[in-house]
Amino acid sequence: MFGLTMSNKILVSLFIFLSGFSVNTAWAASQEALVTAALQGVKSVALLDKNGQRTVIGSITFTPKEGGSEYQLTLEREQFRDYFLSMKEMKCLEGPELWCHLAYPYEQPHKVTVDNLRWLEHDLLFMFKTPKEFGANFWNGIYYKMQIDNGIIKGEAQAVDLNVLASPPDDLSVPPVGEAELDEVDRDKRWLPVIEIR
């Protein structure tokens with residue numbers, strides 16, 4: 001800063017500092033807007049295979065409410081085939097594996113926040129099995145643990161024993177599946193290891 005007086009140097013330094021602060025503030029605001037937008041309006045729900053090939057399975061409508069958003073999930077039934085497994089009718093996607101949707105069977109608020117997507121995770125539970133296997137294997141459950149990333153809700157498959165839902169939880173206001181019930185899944189072997197809502 002040759003030729004600048006001390007006061008001018010201070011002013012230049014202050015300008016540079018404030019410019020950086022302004023850019024960081026604008027970036028933070030844009031990220032917050034993306035997160036908020038992820039829980040507003042109508043979104044497409046897709047499952048992705050190991051190669052990134054998308055299968056759209058439905059849509060979800062988010063309605064902002066105080067403290068979060070309420071949602072209505074609608075599955076595209078034509079994507080699924082009816083199977084009668086272990087005395088239970090199930091809707092399954094057909095591929096290298098059968099990927100069967102298990103609707104959460106108990107009352108729940110259908111509400112999410114930017115920091116808590118657990119009720120939505122509970123509405124998108126699946127069970128996998130090979131086409132040749134007989135009956136339903138509820139211990140082969142899939143739980144998509146979700147987060148908002150750059151305005152998109154993304155989730156990776158986790159293993160869960162869905163027999164935990166055989167009886168209602170003691171407190172219906174708390175999602176029953178948590179970290180303690182989840183385990184790693186072998187993503188190289190599973191057909192649809194990723195979910196995206198955008």
# chains A, B, ... in the order shown; residues from 1 in each chain; ligands from 1

call {"tool": "residues_around", "arguments": {"residues": "Gln147 of chain A", "least_positions_apart": "4", "cutoff": "8 Å", "atoms": "only C-alpha atoms", "output": "list in words"}}
result
Asp115, Leu117, Ile153, Lys154 and Gly155 of chain A

call {"tool": "write_last_selection", "arguments": {"atoms": "C-alpha atoms", "output": "JSON list (two decimals), in the first residue's frame"}}
result
[["chain", "number", "residue", "atom", "x", "y", "z"],
["A", 115, "ASP", "CA", -32.95, -30.27, 11.63],
["A", 117, "LEU", "CA", -36.61, -35.32, 9.14],
["A", 153, "ILE", "CA", -33.22, -33.79, 0.73],
["A", 154, "LYS", "CA", -30.83, -36.72, 0.40],
["A", 155, "GLY", "CA", -30.66, -39.98, 2.28]]

call {"tool": "residues_around", "arguments": {"residues": "Lys145 of chain A", "least_positions_apart": "5", "cutoff": "10 Å", "atoms": "only C-alpha atoms", "output": "PDB file with all heavy atoms, in the first residue's frame"}}
result
ATOM      1  N   LEU A 117     -35.814 -34.729  10.226  1.00  0.00           N
ATOM      2  CA  LEU A 117     -36.605 -35.317   9.140  1.00  0.00           C
ATOM      3  C   LEU A 117     -37.075 -36.732   9.487  1.00  0.00           C
ATOM      4  O   LEU A 117     -37.449 -37.502   8.617  1.00  0.00           O
ATOM      5  CB  LEU A 117     -35.761 -35.353   7.856  1.00  0.00           C
ATOM      6  CG  LEU A 117     -35.235 -33.995   7.370  1.00  0.00           C
ATOM      7  CD1 LEU A 117     -34.212 -34.192   6.255  1.00  0.00           C
ATOM      8  CD2 LEU A 117     -36.367 -33.109   6.904  1.00  0.00           C
ATOM      9  N   ARG A 118     -37.099 -37.053  10.775  1.00  0.00           N
ATOM     10  CA  ARG A 118     -37.310 -38.448  11.178  1.00  0.00           C
ATOM     11  C   ARG A 118     -38.697 -38.986  10.827  1.00  0.00           C
ATOM     12  O   ARG A 118     -38.830 -40.155  10.460  1.00  0.00           O
ATOM     13  CB  ARG A 118     -37.031 -38.612  12.676  1.00  0.00           C
ATOM     14  CG  ARG A 118     -35.533 -38.489  12.981  1.00  0.00           C
ATOM     15  CD  ARG A 118     -35.253 -38.672  14.440  1.00  0.00           C
ATOM     16  NE  ARG A 118     -35.590 -40.014  14.887  1.00  0.00           N
ATOM     17  CZ  ARG A 118     -35.769 -40.353  16.164  1.00  0.00           C
ATOM     18  NH1 ARG A 118     -35.649 -39.427  17.110  1.00  0.00           N
ATOM     19  NH2 ARG A 118     -36.068 -41.584  16.494  1.00  0.00           N
ATOM     20  N   LEU A 120     -40.501 -38.198   8.242  1.00  0.00           N
ATOM     21  CA  LEU A 120     -40.448 -38.484   6.809  1.00  0.00           C
ATOM     22  C   LEU A 120     -39.652 -39.762   6.559  1.00  0.00           C
ATOM     23  O   LEU A 120     -40.035 -40.593   5.725  1.00  0.00           O
ATOM     24  CB  LEU A 120     -39.825 -37.301   6.062  1.00  0.00           C
ATOM     25  CG  LEU A 120     -39.678 -37.453   4.545  1.00  0.00           C
ATOM     26  CD1 LEU A 120     -41.012 -37.765   3.878  1.00  0.00           C
ATOM     27  CD2 LEU A 120     -39.060 -36.191   3.957  1.00  0.00           C
ATOM     28  N   GLU A 121     -38.564 -39.931   7.283  1.00  0.00           N
ATOM     29  CA  GLU A 121     -37.779 -41.166   7.170  1.00  0.00           C
ATOM     30  C   GLU A 121     -38.642 -42.385   7.502  1.00  0.00           C
ATOM     31  O   GLU A 121     -38.528 -43.433   6.860  1.00  0.00           O
ATOM     32  CB  GLU A 121     -36.569 -41.096   8.100  1.00  0.00           C
ATOM     33  CG  GLU A 121     -35.544 -40.043   7.691  1.00  0.00           C
ATOM     34  CD  GLU A 121     -34.505 -39.752   8.761  1.00  0.00           C
ATOM     35  OE1 GLU A 121     -34.689 -40.184   9.916  1.00  0.00           O
ATOM     36  OE2 GLU A 121     -33.524 -39.069   8.444  1.00  0.00           O
ATOM     37  N   HIS A 122     -39.528 -42.240   8.487  1.00  0.00           N
ATOM     38  CA  HIS A 122     -40.395 -43.350   8.888  1.00  0.00           C
ATOM     39  C   HIS A 122     -41.484 -43.642   7.852  1.00  0.00           C
ATOM     40  O   HIS A 122     -42.024 -44.752   7.808  1.00  0.00           O
ATOM     41  CB  HIS A 122     -41.034 -43.059  10.250  1.00  0.00           C
ATOM     42  CG  HIS A 122     -40.138 -43.359  11.410  1.00  0.00           C
ATOM     43  ND1 HIS A 122     -38.965 -42.669  11.645  1.00  0.00           N
ATOM     44  CD2 HIS A 122     -40.232 -44.284  12.394  1.00  0.00           C
ATOM     45  CE1 HIS A 122     -38.382 -43.167  12.736  1.00  0.00           C
ATOM     46  NE2 HIS A 122     -39.126 -44.151  13.205  1.00  0.00           N
ATOM     47  N   LYS A 154     -31.521 -35.509   0.826  1.00  0.00           N
ATOM     48  CA  LYS A 154     -30.828 -36.715   0.398  1.00  0.00           C
ATOM     49  C   LYS A 154     -30.738 -37.691   1.561  1.00  0.00           C
ATOM     50  O   LYS A 154     -30.638 -37.284   2.717  1.00  0.00           O
ATOM     51  CB  LYS A 154     -29.410 -36.382  -0.094  1.00  0.00           C
ATOM     52  CG  LYS A 154     -29.379 -35.500  -1.325  1.00  0.00           C
ATOM     53  CD  LYS A 154     -27.950 -35.234  -1.762  1.00  0.00           C
ATOM     54  CE  LYS A 154     -27.892 -34.378  -3.018  1.00  0.00           C
ATOM     55  NZ  LYS A 154     -26.502 -34.116  -3.440  1.00  0.00           N
ATOM     56  N   GLY A 155     -30.778 -38.971   1.236  1.00  0.00           N
ATOM     57  CA  GLY A 155     -30.655 -39.984   2.277  1.00  0.00           C
ATOM     58  C   GLY A 155     -29.891 -41.196   1.791  1.00  0.00           C
ATOM     59  O   GLY A 155     -29.965 -41.552   0.608  1.00  0.00           O
ATOM     60  N   GLU A 156     -29.138 -41.797   2.701  1.00  0.00           N
ATOM     61  CA  GLU A 156     -28.425 -43.022   2.389  1.00  0.00           C
ATOM     62  C   GLU A 156     -29.023 -44.170   3.181  1.00  0.00           C
ATOM     63  O   GLU A 156     -29.416 -44.011   4.338  1.00  0.00           O
ATOM     64  CB  GLU A 156     -26.937 -42.869   2.710  1.00  0.00           C
ATOM     65  CG  GLU A 156     -26.240 -41.856   1.818  1.00  0.00           C
ATOM     66  CD  GLU A 156     -24.731 -41.991   1.881  1.00  0.00           C
ATOM     67  OE1 GLU A 156     -24.243 -42.859   2.634  1.00  0.00           O
ATOM     68  OE2 GLU A 156     -24.060 -41.218   1.178  1.00  0.00           O
ATOM     69  N   ALA A 157     -29.091 -45.322   2.536  1.00  0.00           N
ATOM     70  CA  ALA A 157     -29.710 -46.491   3.152  1.00  0.00           C
ATOM     71  C   ALA A 157     -28.938 -46.947   4.380  1.00  0.00           C
ATOM     72  O   ALA A 157     -27.704 -47.016   4.370  1.00  0.00           O
ATOM     73  CB  ALA A 157     -29.800 -47.629   2.137  1.00  0.00           C
ATOM     74  N   GLN A 158     -29.689 -47.237   5.429  1.00  0.00           N
ATOM     75  CA  GLN A 158     -29.160 -47.858   6.642  1.00  0.00           C
ATOM     76  C   GLN A 158     -29.960 -49.143   6.878  1.00  0.00           C
ATOM     77  O   GLN A 158     -31.132 -49.229   6.513  1.00  0.00           O
ATOM     78  CB  GLN A 158     -29.333 -46.929   7.847  1.00  0.00           C
ATOM     79  CG  GLN A 158     -28.656 -45.583   7.705  1.00  0.00           C
ATOM     80  CD  GLN A 158     -27.157 -45.670   7.904  1.00  0.00           C
ATOM     81  OE1 GLN A 158     -26.680 -46.142   8.922  1.00  0.00           O
ATOM     82  NE2 GLN A 158     -26.396 -45.220   6.917  1.00  0.00           N
ATOM     83  N   GLY A 178     -34.336 -45.051  15.848  1.00  0.00           N
ATOM     84  CA  GLY A 178     -33.281 -44.061  16.073  1.00  0.00           C
ATOM     85  C   GLY A 178     -31.920 -44.663  15.788  1.00  0.00           C
ATOM     86  O   GLY A 178     -31.817 -45.773  15.245  1.00  0.00           O
ATOM     87  N   GLU A 179     -30.880 -43.955  16.171  1.00  0.00           N
ATOM     88  CA  GLU A 179     -29.509 -44.397  15.893  1.00  0.00           C
ATOM     89  C   GLU A 179     -29.239 -45.802  16.435  1.00  0.00           C
ATOM     90  O   GLU A 179     -28.512 -46.584  15.822  1.00  0.00           O
ATOM     91  CB  GLU A 179     -28.506 -43.405  16.493  1.00  0.00           C
ATOM     92  CG  GLU A 179     -28.457 -42.062  15.804  1.00  0.00           C
ATOM     93  CD  GLU A 179     -27.836 -42.120  14.418  1.00  0.00           C
ATOM     94  OE1 GLU A 179     -27.160 -43.121  14.116  1.00  0.00           O
ATOM     95  OE2 GLU A 179     -28.038 -41.177  13.647  1.00  0.00           O
ATOM     96  N   LEU A 182     -30.159 -48.594  14.005  1.00  0.00           N
ATOM     97  CA  LEU A 182     -29.596 -48.552  12.655  1.00  0.00           C
ATOM     98  C   LEU A 182     -28.214 -49.178  12.600  1.00  0.00           C
ATOM     99  O   LEU A 182     -27.460 -49.159  13.565  1.00  0.00           O
ATOM    100  CB  LEU A 182     -29.528 -47.111  12.155  1.00  0.00           C
ATOM    101  CG  LEU A 182     -30.848 -46.347  12.101  1.00  0.00           C
ATOM    102  CD1 LEU A 182     -30.617 -44.924  11.602  1.00  0.00           C
ATOM    103  CD2 LEU A 182     -31.866 -47.064  11.220  1.00  0.00           C
ATOM    104  N   VAL A 194     -29.774 -45.018  -2.297  1.00  0.00           N
ATOM    105  CA  VAL A 194     -29.877 -43.573  -2.103  1.00  0.00           C
ATOM    106  C   VAL A 194     -31.292 -43.082  -2.420  1.00  0.00           C
ATOM    107  O   VAL A 194     -31.943 -43.602  -3.325  1.00  0.00           O
ATOM    108  CB  VAL A 194     -28.865 -42.827  -3.010  1.00  0.00           C
ATOM    109  CG1 VAL A 194     -29.050 -41.315  -2.930  1.00  0.00           C
ATOM    110  CG2 VAL A 194     -27.433 -43.200  -2.650  1.00  0.00           C
ATOM    111  N   ILE A 195     -31.759 -42.099  -1.648  1.00  0.00           N
ATOM    112  CA  ILE A 195     -33.025 -41.431  -1.922  1.00  0.00           C
ATOM    113  C   ILE A 195     -32.754 -39.948  -2.115  1.00  0.00           C
ATOM    114  O   ILE A 195     -31.875 -39.384  -1.468  1.00  0.00           O
ATOM    115  CB  ILE A 195     -34.046 -41.667  -0.779  1.00  0.00           C
ATOM    116  CG1 ILE A 195     -35.447 -41.224  -1.203  1.00  0.00           C
ATOM    117  CG2 ILE A 195     -33.624 -40.965   0.502  1.00  0.00           C
ATOM    118  CD1 ILE A 195     -36.538 -41.675  -0.233  1.00  0.00           C
TER     119      ILE A 195
END

call {"tool": "closest_residue", "arguments": {"among": "A:Asn51, A:Thr61, A:Ser167, A:Thr130", "to": "Cys92 of chain A", "atoms": "only C-alpha atoms"}}
result
A:Thr130

call {"tool": "residues_around", "arguments": {"residues": "Lys111 of chain A", "least_positions_apart": "5", "cutoff": "12 Å", "atoms": "only C-alpha atoms", "output": "list in words"}}
result
Leu39, Thr61, Phe62, Thr63, Pro64, Lys65, Glu66, Gly67, Gly68, Ser69, Glu70, Tyr71, Gln72, Leu73, Asn116, Leu117, Arg118, Trp119, Leu120, Glu121, His122, Asp123, Ser173, Val174 and Pro175 of chain A

call {"tool": "write_last_selection", "arguments": {"atoms": "C-alpha atoms", "output": "PDB file, in the first residue's frame"}}
result
ATOM      1  CA  LEU A  39     -39.331 -27.993   2.793  1.00  0.00           C
ATOM      2  CA  THR A  61     -46.121 -31.673  -0.838  1.00  0.00           C
ATOM      3  CA  PHE A  62     -44.623 -29.549   1.940  1.00  0.00           C
ATOM      4  CA  THR A  63     -46.747 -26.887   3.637  1.00  0.00           C
ATOM      5  CA  PRO A  64     -44.826 -24.531   5.932  1.00  0.00           C
ATOM      6  CA  LYS A  65     -46.167 -24.411   9.482  1.00  0.00           C
ATOM      7  CA  GLU A  66     -44.856 -22.770  12.608  1.00  0.00           C
ATOM      8  CA  GLY A  67     -41.561 -24.401  13.481  1.00  0.00           C
ATOM      9  CA  GLY A  68     -41.330 -26.527  10.328  1.00  0.00           C
ATOM     10  CA  SER A  69     -43.426 -28.028   7.549  1.00  0.00           C
ATOM     11  CA  GLU A  70     -46.247 -30.537   7.327  1.00  0.00           C
ATOM     12  CA  TYR A  71     -46.111 -32.940   4.394  1.00  0.00           C
ATOM     13  CA  GLN A  72     -48.332 -35.199   2.312  1.00  0.00           C
ATOM     14  CA  LEU A  73     -46.607 -38.141   0.614  1.00  0.00           C
ATOM     15  CA  ASN A 116     -35.327 -33.221  12.061  1.00  0.00           C
ATOM     16  CA  LEU A 117     -36.605 -35.317   9.140  1.00  0.00           C
ATOM     17  CA  ARG A 118     -37.310 -38.448  11.178  1.00  0.00           C
ATOM     18  CA  TRP A 119     -41.068 -38.680  10.555  1.00  0.00           C
ATOM     19  CA  LEU A 120     -40.448 -38.484   6.809  1.00  0.00           C
ATOM     20  CA  GLU A 121     -37.779 -41.166   7.170  1.00  0.00           C
ATOM     21  CA  HIS A 122     -40.395 -43.350   8.888  1.00  0.00           C
ATOM     22  CA  ASP A 123     -42.823 -42.879   5.977  1.00  0.00           C
ATOM     23  CA  SER A 173     -45.171 -38.628  19.539  1.00  0.00           C
ATOM     24  CA  VAL A 174     -41.580 -39.907  19.260  1.00  0.00           C
ATOM     25  CA  PRO A 175     -40.281 -41.719  16.141  1.00  0.00           C
TER      26      PRO A 175
END

call {"tool": "select_by_dssp", "arguments": {"residues": "segment 17-158 of chain A", "states": "strand (DSSP E or B)", "output": "VMD selection string"}}
result
chain A and resid 41 to 48 54 to 65 68 to 75 81 to 85 88 to 94 98 to 102 111 to 113 116 125 to 129 141 to 149 152 to 158

call {"tool": "residues_around", "arguments": {"residues": "segment 94-98 of chain A", "least_positions_apart": "6", "cutoff": "6 Å", "atoms": "only C-alpha atoms", "output": "list in words"}}
result
Phe128, Lys129, Thr130 and Pro131 of chain A

call {"tool": "closest_residue", "arguments": {"among": "A:Met146, A:Leu124, A:Val114, A:Leu93", "to": "Ser59 of chain A", "atoms": "only C-alpha atoms"}}
result
A:Leu124

call {"tool": "closest_residue", "arguments": {"among": "A:Met90, A:Ile60, A:Leu102, A:Val164", "to": "Val45 of chain A", "atoms": "only C-alpha atoms"}}
result
A:Ile60

call {"tool": "atom_distance", "arguments": {"atom1": "atom CA of Phe134 of chain A", "atom2": "atom CA of Gln79 of chain A"}}
result
21.8 Å

call {"tool": "select_by_dssp", "arguments": {"residues": "chain A", "states": "helix (DSSP H, G or I)", "output": "number ranges by chain"}}
result
A: 6-37, 77-79, 118-123, 162-165, 179-181
